[in-house]
Every structure is written in C-alpha cells, then in structure tokens.
file work_27.cif (mmCIF, C-alpha atoms; chains and numbers go by the auth columns)
data_structure
loop_
_atom_site.group_PDB
_atom_site.id
_atom_site.type_symbol
_atom_site.label_atom_id
_atom_site.label_comp_id
_atom_site.label_asym_id
_atom_site.label_seq_id
_atom_site.Cartn_x
_atom_site.Cartn_y
_atom_site.Cartn_z
_atom_site.B_iso_or_equiv
_atom_site.auth_seq_id
_atom_site.auth_asym_id
ATOM 1 C CA MET A 1 15.040 -4.458 3.313 0.00 1 A
ATOM 2 C CA LYS A 2 11.279 -4.686 3.096 0.00 2 A
ATOM 3 C CA LYS A 3 9.235 -5.133 6.229 0.00 3 A
ATOM 4 C CA ASP A 4 7.358 -8.376 6.680 0.00 4 A
ATOM 5 C CA LYS A 5 3.826 -7.861 5.423 0.00 5 A
ATOM 6 C CA LYS A 6 1.636 -9.764 7.816 0.00 6 A
ATOM 7 C CA LYS A 7 -1.588 -10.809 6.255 0.00 7 A
ATOM 8 C CA LYS A 8 -4.653 -11.949 8.040 0.00 8 A
ATOM 9 C CA ALA A 9 -5.153 -15.463 6.871 0.00 9 A
ATOM 10 C CA LYS A 10 -8.383 -17.326 7.325 0.00 10 A
ATOM 11 C CA LYS A 11 -8.149 -20.516 9.266 0.00 11 A
ATOM 12 C CA HIS A 12 -7.475 -23.346 6.865 0.00 12 A
ATOM 13 C CA ASN A 13 -9.634 -26.422 6.571 0.00 13 A
ATOM 14 C CA HIS A 14 -6.728 -28.862 6.774 0.00 14 A
ATOM 15 C CA GLN A 15 -6.115 -30.739 9.980 0.00 15 A
ATOM 16 C CA PRO A 16 -2.797 -30.024 11.681 0.00 16 A
ATOM 17 C CA VAL A 17 -0.230 -32.793 11.528 0.00 17 A
ATOM 18 C CA VAL A 18 1.430 -31.487 14.680 0.00 18 A
ATOM 19 C CA THR A 19 0.942 -28.426 16.905 0.00 19 A
ATOM 20 C CA ALA A 20 3.588 -26.575 18.902 0.00 20 A
ATOM 21 C CA LYS A 21 2.329 -25.176 22.204 0.00 21 A
ATOM 22 C CA LYS A 22 3.980 -23.372 25.078 0.00 22 A
ATOM 23 C CA HIS A 23 5.653 -25.490 27.743 0.00 23 A
ATOM 24 C CA TRP A 24 3.898 -25.560 31.131 0.00 24 A
ATOM 25 C CA ILE A 25 6.843 -23.770 32.748 0.00 25 A
ATOM 26 C CA VAL A 26 5.862 -20.446 31.107 0.00 26 A
ATOM 27 C CA TYR A 27 2.637 -20.374 33.121 0.00 27 A
ATOM 28 C CA ILE A 28 4.343 -20.262 36.539 0.00 28 A
ATOM 29 C CA VAL A 29 5.041 -16.512 36.697 0.00 29 A
ATOM 30 C CA PRO A 30 1.564 -15.465 35.458 0.00 30 A
ATOM 31 C CA THR A 31 0.027 -17.874 37.977 0.00 31 A
ATOM 32 C CA LEU A 32 2.040 -16.197 40.734 0.00 32 A
ATOM 33 C CA PHE A 33 0.578 -12.853 39.611 0.00 33 A
ATOM 34 C CA VAL A 34 -2.929 -14.309 39.882 0.00 34 A
ATOM 35 C CA CYS A 35 -2.195 -15.679 43.366 0.00 35 A
ATOM 36 C CA ALA A 36 -0.696 -12.353 44.501 0.00 36 A
ATOM 37 C CA GLY A 37 -3.766 -10.584 43.131 0.00 37 A
ATOM 38 C CA ILE A 38 -6.092 -12.882 45.087 0.00 38 A
ATOM 39 C CA VAL A 39 -4.161 -12.167 48.288 0.00 39 A
ATOM 40 C CA LEU A 40 -4.386 -8.404 47.684 0.00 40 A
ATOM 41 C CA VAL A 41 -8.106 -8.536 46.798 0.00 41 A
ATOM 42 C CA ASN A 42 -8.833 -10.145 50.168 0.00 42 A
ATOM 43 C CA ASN A 43 -7.292 -7.147 51.955 0.00 43 A
ATOM 44 C CA ASP A 44 -9.589 -4.619 53.699 0.00 44 A
ATOM 45 C CA THR A 45 -8.045 -1.539 52.068 0.00 45 A
ATOM 46 C CA THR A 46 -9.694 -0.321 48.854 0.00 46 A
ATOM 47 C CA PHE A 47 -6.327 0.547 47.313 0.00 47 A
ATOM 48 C CA PHE A 48 -5.022 -2.995 47.816 0.00 48 A
ATOM 49 C CA LYS A 49 -8.265 -4.481 46.488 0.00 49 A
ATOM 50 C CA ALA A 50 -7.961 -2.396 43.313 0.00 50 A
ATOM 51 C CA ALA A 51 -4.274 -3.183 42.948 0.00 51 A
ATOM 52 C CA GLY A 52 -4.970 -6.866 43.563 0.00 52 A
ATOM 53 C CA LEU A 53 -7.650 -6.905 40.893 0.00 53 A
ATOM 54 C CA ALA A 54 -5.252 -5.272 38.401 0.00 54 A
ATOM 55 C CA VAL A 55 -2.457 -7.748 39.232 0.00 55 A
ATOM 56 C CA MET A 56 -4.859 -10.675 39.000 0.00 56 A
ATOM 57 C CA LEU A 57 -6.232 -9.534 35.619 0.00 57 A
ATOM 58 C CA PHE A 58 -2.685 -9.052 34.322 0.00 58 A
ATOM 59 C CA GLY A 59 -1.846 -12.626 35.343 0.00 59 A
ATOM 60 C CA PHE A 60 -4.957 -14.018 33.641 0.00 60 A
ATOM 61 C CA TYR A 61 -4.184 -12.004 30.508 0.00 61 A
ATOM 62 C CA GLN A 62 -0.635 -13.422 30.356 0.00 62 A
ATOM 63 C CA ILE A 63 -1.917 -16.978 30.831 0.00 63 A
ATOM 64 C CA LEU A 64 -4.481 -16.593 28.039 0.00 64 A
ATOM 65 C CA LYS A 65 -1.965 -14.906 25.739 0.00 65 A
ATOM 66 C CA LYS A 66 0.560 -17.722 26.148 0.00 66 A
ATOM 67 C CA ALA A 67 -2.102 -20.425 25.817 0.00 67 A
ATOM 68 C CA ASN A 68 -3.244 -18.986 22.486 0.00 68 A
ATOM 69 C CA GLU A 69 0.212 -18.778 20.867 0.00 69 A
ATOM 70 C CA LYS A 70 0.435 -21.923 18.758 0.00 70 A
ATOM 71 C CA TRP A 71 2.058 -23.142 15.583 0.00 71 A
ATOM 72 C CA HIS A 72 0.092 -25.659 13.539 0.00 72 A
ATOM 73 C CA LEU A 73 1.753 -27.661 10.788 0.00 73 A
ATOM 74 C CA THR A 74 -0.502 -28.950 8.021 0.00 74 A
ATOM 75 C CA ASP A 75 0.540 -30.729 4.855 0.00 75 A
ATOM 76 C CA HIS A 76 1.151 -27.454 3.008 0.00 76 A
ATOM 77 C CA TYR A 77 1.237 -24.627 5.561 0.00 77 A
ATOM 78 C CA LEU A 78 2.772 -23.484 8.793 0.00 78 A
ATOM 79 C CA VAL A 79 -0.110 -21.679 10.512 0.00 79 A
ATOM 80 C CA ILE A 80 0.826 -19.226 13.251 0.00 80 A
ATOM 81 C CA GLU A 81 -2.066 -18.612 15.636 0.00 81 A
ATOM 82 C CA LYS A 82 -2.145 -15.632 18.001 0.00 82 A
ATOM 83 C CA GLY A 83 -4.695 -13.554 19.837 0.00 83 A
ATOM 84 C CA ILE A 84 -7.118 -13.875 22.690 0.00 84 A
ATOM 85 C CA LEU A 85 -10.457 -12.375 21.711 0.00 85 A
ATOM 86 C CA SER A 86 -9.850 -12.010 17.986 0.00 86 A
ATOM 87 C CA LYS A 87 -7.755 -14.858 16.668 0.00 87 A
ATOM 88 C CA LYS A 88 -5.186 -14.018 14.022 0.00 88 A
ATOM 89 C CA TYR A 89 -3.821 -16.665 11.704 0.00 89 A
ATOM 90 C CA GLU A 90 -0.807 -16.235 9.497 0.00 90 A
ATOM 91 C CA GLU A 91 -0.227 -18.930 6.930 0.00 91 A
ATOM 92 C CA VAL A 92 3.264 -19.527 5.607 0.00 92 A
ATOM 93 C CA SER A 93 3.612 -21.965 2.747 0.00 93 A
ATOM 94 C CA VAL A 94 5.925 -24.847 3.526 0.00 94 A
ATOM 95 C CA HIS A 95 7.410 -24.185 0.051 0.00 95 A
ATOM 96 C CA ASP A 96 8.800 -20.865 1.376 0.00 96 A
ATOM 97 C CA ILE A 97 10.601 -22.461 4.316 0.00 97 A
ATOM 98 C CA TYR A 98 14.028 -23.856 3.614 0.00 98 A
ATOM 99 C CA LYS A 99 15.350 -24.613 7.078 0.00 99 A
ATOM 100 C CA THR A 100 14.160 -25.257 10.598 0.00 100 A
ATOM 101 C CA HIS A 101 16.036 -25.991 13.786 0.00 101 A
ATOM 102 C CA THR A 102 15.648 -25.981 17.535 0.00 102 A
ATOM 103 C CA ASN A 103 17.805 -24.434 20.199 0.00 103 A
ATOM 104 C CA ASN A 104 17.794 -24.747 23.943 0.00 104 A
ATOM 105 C CA THR A 105 16.781 -22.182 26.525 0.00 105 A
ATOM 106 C CA ARG A 106 18.441 -21.677 29.893 0.00 106 A
ATOM 107 C CA LEU A 107 15.851 -23.958 31.454 0.00 107 A
ATOM 108 C CA SER A 108 16.429 -26.758 28.921 0.00 108 A
ATOM 109 C CA LYS A 109 19.053 -28.354 31.121 0.00 109 A
ATOM 110 C CA TYR A 110 16.340 -28.926 33.744 0.00 110 A
ATOM 111 C CA PHE A 111 13.461 -29.716 31.363 0.00 111 A
ATOM 112 C CA SER A 112 14.468 -31.942 28.463 0.00 112 A
ATOM 113 C CA ASN A 113 11.345 -31.242 26.411 0.00 113 A
ATOM 114 C CA LEU A 114 11.686 -27.422 26.432 0.00 114 A
ATOM 115 C CA GLY A 115 13.205 -25.322 23.662 0.00 115 A
ATOM 116 C CA ASN A 116 12.768 -22.842 20.836 0.00 116 A
ATOM 117 C CA ILE A 117 11.924 -23.411 17.177 0.00 117 A
ATOM 118 C CA ASN A 118 13.449 -21.232 14.457 0.00 118 A
ATOM 119 C CA THR A 119 12.602 -21.264 10.765 0.00 119 A
ATOM 120 C CA ARG A 120 14.294 -19.623 7.805 0.00 120 A
ATOM 121 C CA ARG A 121 12.477 -18.472 4.683 0.00 121 A
ATOM 122 C CA ARG A 122 13.628 -17.866 1.149 0.00 122 A
ATOM 123 C CA ALA A 123 11.507 -14.720 0.928 0.00 123 A
ATOM 124 C CA ASP A 124 13.519 -11.515 0.710 0.00 124 A
ATOM 125 C CA ASP A 125 11.145 -9.607 2.981 0.00 125 A
ATOM 126 C CA CYS A 126 11.353 -11.975 5.982 0.00 126 A
ATOM 127 C CA SER A 127 14.229 -13.971 7.368 0.00 127 A
ATOM 128 C CA GLY A 128 11.994 -16.363 9.291 0.00 128 A
ATOM 129 C CA PHE A 129 9.996 -16.982 12.422 0.00 129 A
ATOM 130 C CA SER A 130 10.746 -18.197 15.916 0.00 130 A
ATOM 131 C CA HIS A 131 8.573 -19.674 18.641 0.00 131 A
ATOM 132 C CA SER A 132 10.035 -19.744 22.142 0.00 132 A
ATOM 133 C CA ASN A 133 9.583 -21.987 25.192 0.00 133 A
ATOM 134 C CA ILE A 134 7.854 -24.794 23.335 0.00 134 A
ATOM 135 C CA ALA A 135 7.032 -28.240 24.658 0.00 135 A
ATOM 136 C CA ASP A 136 8.677 -30.953 22.535 0.00 136 A
ATOM 137 C CA PRO A 137 10.285 -28.617 19.979 0.00 137 A
ATOM 138 C CA GLU A 138 12.260 -31.456 18.366 0.00 138 A
ATOM 139 C CA LEU A 139 9.052 -33.270 17.392 0.00 139 A
ATOM 140 C CA PHE A 140 7.626 -30.200 15.655 0.00 140 A
ATOM 141 C CA SER A 141 10.923 -29.237 14.032 0.00 141 A
ATOM 142 C CA LYS A 142 11.459 -32.755 12.630 0.00 142 A
ATOM 143 C CA ALA A 143 7.908 -32.878 11.237 0.00 143 A
ATOM 144 C CA LEU A 144 8.422 -29.504 9.535 0.00 144 A
ATOM 145 C CA GLU A 145 11.836 -30.490 8.206 0.00 145 A
ATOM 146 C CA LEU A 146 10.383 -33.715 6.731 0.00 146 A
ATOM 147 C CA ARG A 147 7.708 -31.670 4.937 0.00 147 A
ATOM 148 C CA VAL A 148 10.315 -29.254 3.592 0.00 148 A
ATOM 149 C CA GLN A 149 12.639 -32.037 2.381 0.00 149 A
ATOM 150 C CA SER A 150 9.825 -33.912 0.644 0.00 150 A
ATOM 151 C CA LEU A 151 8.978 -30.932 -1.584 0.00 151 A
ATOM 152 C CA PRO A 152 10.321 -30.563 -5.119 0.00 152 A
ATOM 153 C CA SER A 153 11.642 -27.141 -4.078 0.00 153 A
ATOM 154 C CA HIS A 154 14.094 -28.749 -1.622 0.00 154 A
ATOM 155 C CA ASN A 155 16.859 -28.647 -4.249 0.00 155 A
ATOM 156 C CA LEU A 156 16.181 -24.936 -4.589 0.00 156 A
ATOM 157 C CA ASN A 157 16.631 -24.641 -0.826 0.00 157 A
ATOM 158 C CA GLN A 158 20.144 -26.018 -1.149 0.00 158 A
ATOM 159 C CA VAL A 159 20.917 -23.486 -3.887 0.00 159 A
ATOM 160 C CA TYR A 160 19.536 -20.720 -1.664 0.00 160 A
ATOM 161 C CA GLU A 161 21.934 -21.767 1.100 0.00 161 A
ATOM 162 C CA LEU A 162 24.810 -21.448 -1.378 0.00 162 A
ATOM 163 C CA LYS A 163 23.647 -17.919 -2.179 0.00 163 A
ATOM 164 C CA GLU A 164 23.441 -17.100 1.537 0.00 164 A
ATOM 165 C CA LYS A 165 27.006 -18.333 2.049 0.00 165 A
ATOM 166 C CA GLY A 166 28.231 -16.279 -0.910 0.00 166 A
ATOM 167 C CA ALA A 167 29.209 -19.294 -3.022 0.00 167 A
ATOM 168 C CA ILE A 168 26.977 -18.100 -5.876 0.00 168 A
ATOM 169 C CA SER A 169 25.781 -14.623 -6.787 0.00 169 A
ATOM 170 C CA GLU A 170 22.243 -13.259 -6.643 0.00 170 A
ATOM 171 C CA LYS A 171 22.109 -13.344 -10.445 0.00 171 A
ATOM 172 C CA GLU A 172 23.172 -17.015 -10.578 0.00 172 A
ATOM 173 C CA TYR A 173 20.612 -17.888 -7.914 0.00 173 A
ATOM 174 C CA ASN A 174 17.823 -16.136 -9.845 0.00 174 A
ATOM 175 C CA LEU A 175 18.764 -17.986 -13.057 0.00 175 A
ATOM 176 C CA ILE A 176 18.729 -21.351 -11.284 0.00 176 A
ATOM 177 C CA ARG A 177 15.448 -20.481 -9.570 0.00 177 A
ATOM 178 C CA LEU A 178 13.878 -19.449 -12.882 0.00 178 A
ATOM 179 C CA GLY A 179 14.992 -22.740 -14.430 0.00 179 A
ATOM 180 C CA HIS A 180 13.555 -24.673 -11.477 0.00 180 A
ATOM 181 C CA ILE A 181 10.196 -22.875 -11.681 0.00 181 A
ATOM 182 C CA THR A 182 10.042 -23.421 -15.446 0.00 182 A
ATOM 183 C CA GLN A 183 10.830 -27.109 -15.018 0.00 183 A
ATOM 184 C CA GLN A 184 8.082 -27.452 -12.384 0.00 184 A
ATOM 185 C CA HIS A 185 5.498 -25.841 -14.672 0.00 185 A
ATOM 186 C CA LEU A 186 6.544 -27.856 -17.725 0.00 186 A
ATOM 187 C CA SER A 187 6.381 -31.130 -15.788 0.00 187 A
ATOM 188 C CA LYS A 188 2.651 -30.543 -15.183 0.00 188 A
ATOM 189 C CA PHE A 189 1.908 -30.801 -18.911 0.00 189 A
#

call {"tool": "encode", "arguments": {"input": "work_27.cif", "output": "structure tokens"}}
result
Amino acid sequence: MKKDKKKKAKKHNHQPVVTAKKHWIVYIVPTLFVCAGIVLVNNDTTFFKAAGLAVMLFGFYQILKKANEKWHLTDHYLVIEKGILSKKYEEVSVHDIYKTHTNNTRLSKYFSNLGNINTRRRADDCSGFSHSNIADPELFSKALELRVQSLPSHNLNQVYELKEKGAISEKEYNLIRLGHITQQHLSKF
C-alpha cells in the first residue's frame, strides 16, 4: 500500500462554506499547564522558575496548535489547515471523497455538540482523514456529504462501496470507472 503523499497546497481563493474547529473542551488541559507554569514561575527558586516557564510554554504551544487545526469546506475542496508559525494547507478534492460520518467521543454524552469527523476517499494511497474533538461535527459532516452527493461522481461512489464490500471485483470497478470518466468527458462536447 502506498503511503499518503502529502502535498503543500497553497491556500485557495474560495471562501469556506463551513469550518470545523476544535471544541472548547480541548483547551482545558493546556490551560491548566499554563496556570501551573505561572504558579511555578512565581516561586523564589531558580529551578522552579525555569520549570514553570517550560510548563507554561508547553501549555501555550498546545493551545496554539489546537487552535490552528481546522478543516475548511469550499465548493470543491476540503482544505486541512495545520501549523503554528508556518501554515500548511492540504487540499483534497471533494470528488475524491465518497463518504463522511461523525462519531462520538467519551465526552459526547456530556457535551452534545462534540464529536469526531471521519472521511473516506476513493484514492488507493489513502483511506481517508479524521478530525477529532470538533465543535458541531454534524453540521460540517452534513455540509460535506451534501457536496459529495451533488457531484456527478456520486454514482461512482456507490460502485466503489460495492468494490469495498467485495460485491464486484477490482477489474469490474475499473471498467465501470473508465466508462464513467469517458461519459463525463464526452458530455462536455
């Protein structure tokens, strides 16, 4: 199985339809690190001051890291944004995604708008992506699913699921896919 080749994608010019961000609950533990660091920095001992500074910086780093992990959905792309100082964007065409769903975390029973988003791709080199501890994951997942279902390639997604279940062979899937691609190109003329 090929490894996922992550490309550095330039930030697109399209406005996001919806953005998935981390839920506020994920900031509690890093904030506790910052508070513990402040307490240690105010100590008279040099060792505790240094340790407090390190703990405080670690907490700030975790807060910034989580705040900069976002998924943006545009009309044609799922854009995965990561990084603190140097932003990295990975664009995944909505055409490549054939399924998306949400699942709950352990904390979901206490916070109704907390969950994870998982996507599946038709690409052979990557099974999909997941984004954990998201605020309002259902909203994002439904918006992505609507984009996927509105594409002409949605029928191909259903055929891909048959291949995944073993109902059709790889060869049959490739023949159907080739016919679909040919039909799409011929319909442009």

call {"tool": "closest_residue", "arguments": {"input": "work_27.cif", "among": "A:Glu138, A:Glu161, A:Asp75, A:Glu69", "to": "Asn104 of chain A", "atoms": "all atoms listed in the file"}}
result
A:Glu138

call {"tool": "closest_residue", "arguments": {"input": "work_27.cif", "among": "A:Thr45, A:Ser130, A:Asn174, A:Gln62", "to": "Pro30 of chain A", "atoms": "all atoms listed in the file"}}
result
A:Gln62

call {"tool": "atom_distance", "arguments": {"input": "work_27.cif", "atom1": "atom CA of Asn43 of chain A", "atom2": "atom CA of Leu64 of chain A"}}
result
25.9 Å

call {"tool": "atom_distance", "arguments": {"input": "work_27.cif", "atom1": "atom CA of Arg177 of chain A", "atom2": "atom CA of Lys165 of chain A"}}
result
16.5 Å

call {"tool": "resolve_selection", "arguments": {"input": "work_27.cif", "expression": "the PyMOL selection byres ((chain A and resi 95) around 8)", "output": "ChimeraX atom specification"}}
result
/A:76,93-94,96-98,148,151,153

call {"tool": "atom_distance", "arguments": {"input": "work_27.cif", "atom1": "atom CA of Glu145 of chain A", "atom2": "atom CA of Gly179 of chain A"}}
result
24.1 Å

call {"tool": "resolve_selection", "arguments": {"input": "work_27.cif", "expression": "the PyMOL selection byres ((chain A and resi 25) around 10)", "output": "list in words"}}
result
Lys22, His23, Trp24, Val26, Tyr27, Ile28, Val29, Leu107, Phe111, Leu114, Asn133, Ile134 and Ala135 of chain A

call {"tool": "write_last_selection", "arguments": {"input": "work_27.cif", "atoms": "C-alpha atoms", "output": "PDB file, in the coordinates of the input"}}
result
ATOM      1  CA  LYS A  22       3.980 -23.372  25.078  1.00  0.00           C
ATOM      2  CA  HIS A  23       5.653 -25.490  27.743  1.00  0.00           C
ATOM      3  CA  TRP A  24       3.898 -25.560  31.131  1.00  0.00           C
ATOM      4  CA  VAL A  26       5.862 -20.446  31.107  1.00  0.00           C
ATOM      5  CA  TYR A  27       2.637 -20.374  33.121  1.00  0.00           C
ATOM      6  CA  ILE A  28       4.343 -20.262  36.539  1.00  0.00           C
ATOM      7  CA  VAL A  29       5.041 -16.512  36.697  1.00  0.00           C
ATOM      8  CA  LEU A 107      15.851 -23.958  31.454  1.00  0.00           C
ATOM      9  CA  PHE A 111      13.461 -29.716  31.363  1.00  0.00           C
ATOM     10  CA  LEU A 114      11.686 -27.422  26.432  1.00  0.00           C
ATOM     11  CA  ASN A 133       9.583 -21.987  25.192  1.00  0.00           C
ATOM     12  CA  ILE A 134       7.854 -24.794  23.335  1.00  0.00           C
ATOM     13  CA  ALA A 135       7.032 -28.240  24.658  1.00  0.00           C
TER      14      ALA A 135
END

call {"tool": "residues_around", "arguments": {"input": "work_27.cif", "residues": "Val41 of chain A", "least_positions_apart": "2", "cutoff": "12 Å", "atoms": "only C-alpha atoms", "output": "JSON, numbers by chain"}}
result
{"A": [34, 35, 36, 37, 38, 39, 43, 44, 45, 46, 47, 48, 49, 50, 51, 52, 53, 54, 55, 56, 57]}

call {"tool": "closest_residue", "arguments": {"input": "work_27.cif", "among": "A:Ala143, A:Gly59, A:Lys87, A:Thr102", "to": "Thr74 of chain A", "atoms": "only C-alpha atoms"}}
result
A:Ala143

call {"tool": "closest_residue", "arguments": {"input": "work_27.cif", "among": "A:Ala20, A:Ile176, A:Leu32, A:Leu139", "to": "Ile80 of chain A", "atoms": "all atoms listed in the file"}}
result
A:Ala20

call {"tool": "axis_aligned_box", "arguments": {"input": "work_27.cif", "around": "segment 73-88 of chain A", "padding_each_side": "6 Å", "output": "JSON"}}
result
{"center_x": -3.8, "center_y": -21.4, "center_z": 12.8, "size_x": 25.2, "size_y": 30.7, "size_z": 31.7}

call {"tool": "residues_near_point", "arguments": {"input": "work_27.cif", "point": "(13.2, -20.3, 18.9)", "cutoff": "6 Å", "atoms": "all atoms listed in the file", "output": "PyMOL selection string"}}
result
chain A and resi 116-118+130-132

call {"tool": "residues_around", "arguments": {"input": "work_27.cif", "residues": "Lys65 of chain A", "least_positions_apart": "3", "cutoff": "8 Å", "atoms": "all atoms listed in the file", "output": "list in words"}}
result
Tyr61, Gln62, Asn68, Glu69, Lys82, Gly83 and Ile84 of chain A

call {"tool": "closest_residue", "arguments": {"input": "work_27.cif", "among": "A:Leu73, A:Val79, A:Leu146, A:Ile63", "to": "Pro16 of chain A", "atoms": "only C-alpha atoms"}}
result
A:Leu73

call {"tool": "closest_residue", "arguments": {"input": "work_27.cif", "among": "A:Arg147, A:Lys99, A:Phe58, A:Ser86", "to": "Tyr160 of chain A", "atoms": "all atoms listed in the file"}}
result
A:Lys99

call {"tool": "decode", "arguments": {"input": "work_27.cif", "residues": "segment 55-103 of chain A", "atoms": "C-alpha atoms", "output": "compact mmCIF listing (two decimals), in the first residue's frame"}}
result
# COMPACT_ATOMS: atom_id res chain seq x y z
CA VAL A 55 5.46 24.13 31.55
CA MET A 56 3.85 27.45 30.66
CA LEU A 57 5.38 27.48 27.16
CA PHE A 58 4.26 23.89 26.61
CA GLY A 59 0.70 24.88 27.54
CA PHE A 60 0.74 27.87 25.18
CA TYR A 61 2.14 25.69 22.39
CA GLN A 62 -0.67 23.14 22.84
CA ILE A 63 -3.31 25.88 22.83
CA LEU A 64 -1.93 27.41 19.62
CA LYS A 65 -1.55 24.00 17.97
CA LYS A 66 -5.17 23.06 18.67
CA ALA A 67 -6.47 26.49 17.66
CA ASN A 68 -4.76 26.20 14.27
CA GLU A 69 -6.10 22.74 13.37
CA LYS A 70 -9.09 23.45 11.14
CA TRP A 71 -10.97 21.90 8.27
CA HIS A 72 -12.45 24.29 5.72
CA LEU A 73 -15.04 23.12 3.22
CA THR A 74 -15.30 25.09 -0.01
CA ASP A 75 -17.43 24.29 -3.02
CA HIS A 76 -14.79 21.98 -4.50
CA TYR A 77 -12.21 21.22 -1.80
CA LEU A 78 -11.75 20.03 1.74
CA VAL A 79 -8.84 22.15 2.98
CA ILE A 80 -6.96 20.84 6.00
CA GLU A 81 -5.11 23.61 7.82
CA LYS A 82 -2.32 22.90 10.31
CA GLY A 83 0.70 24.63 11.75
CA ILE A 84 1.52 27.49 14.05
CA LEU A 85 4.28 29.59 12.54
CA SER A 86 4.26 28.14 9.04
CA LYS A 87 0.76 27.24 7.97
CA LYS A 88 0.34 24.08 5.93
CA TYR A 89 -2.69 23.53 3.76
CA GLU A 90 -3.66 20.24 2.21
CA GLU A 91 -6.40 20.36 -0.37
CA VAL A 92 -8.48 17.27 -1.02
CA SER A 93 -10.90 17.42 -3.92
CA VAL A 94 -14.47 16.76 -2.89
CA HIS A 95 -14.60 14.47 -5.96
CA ASP A 96 -12.17 12.10 -4.18
CA ILE A 97 -14.31 11.78 -1.05
CA TYR A 98 -17.06 9.21 -1.17
CA LYS A 99 -18.23 9.08 2.43
CA THR A 100 -18.21 11.11 5.60
CA HIS A 101 -19.60 10.42 9.04
CA THR A 102 -19.33 11.52 12.63
CA ASN A 103 -18.79 9.50 15.76
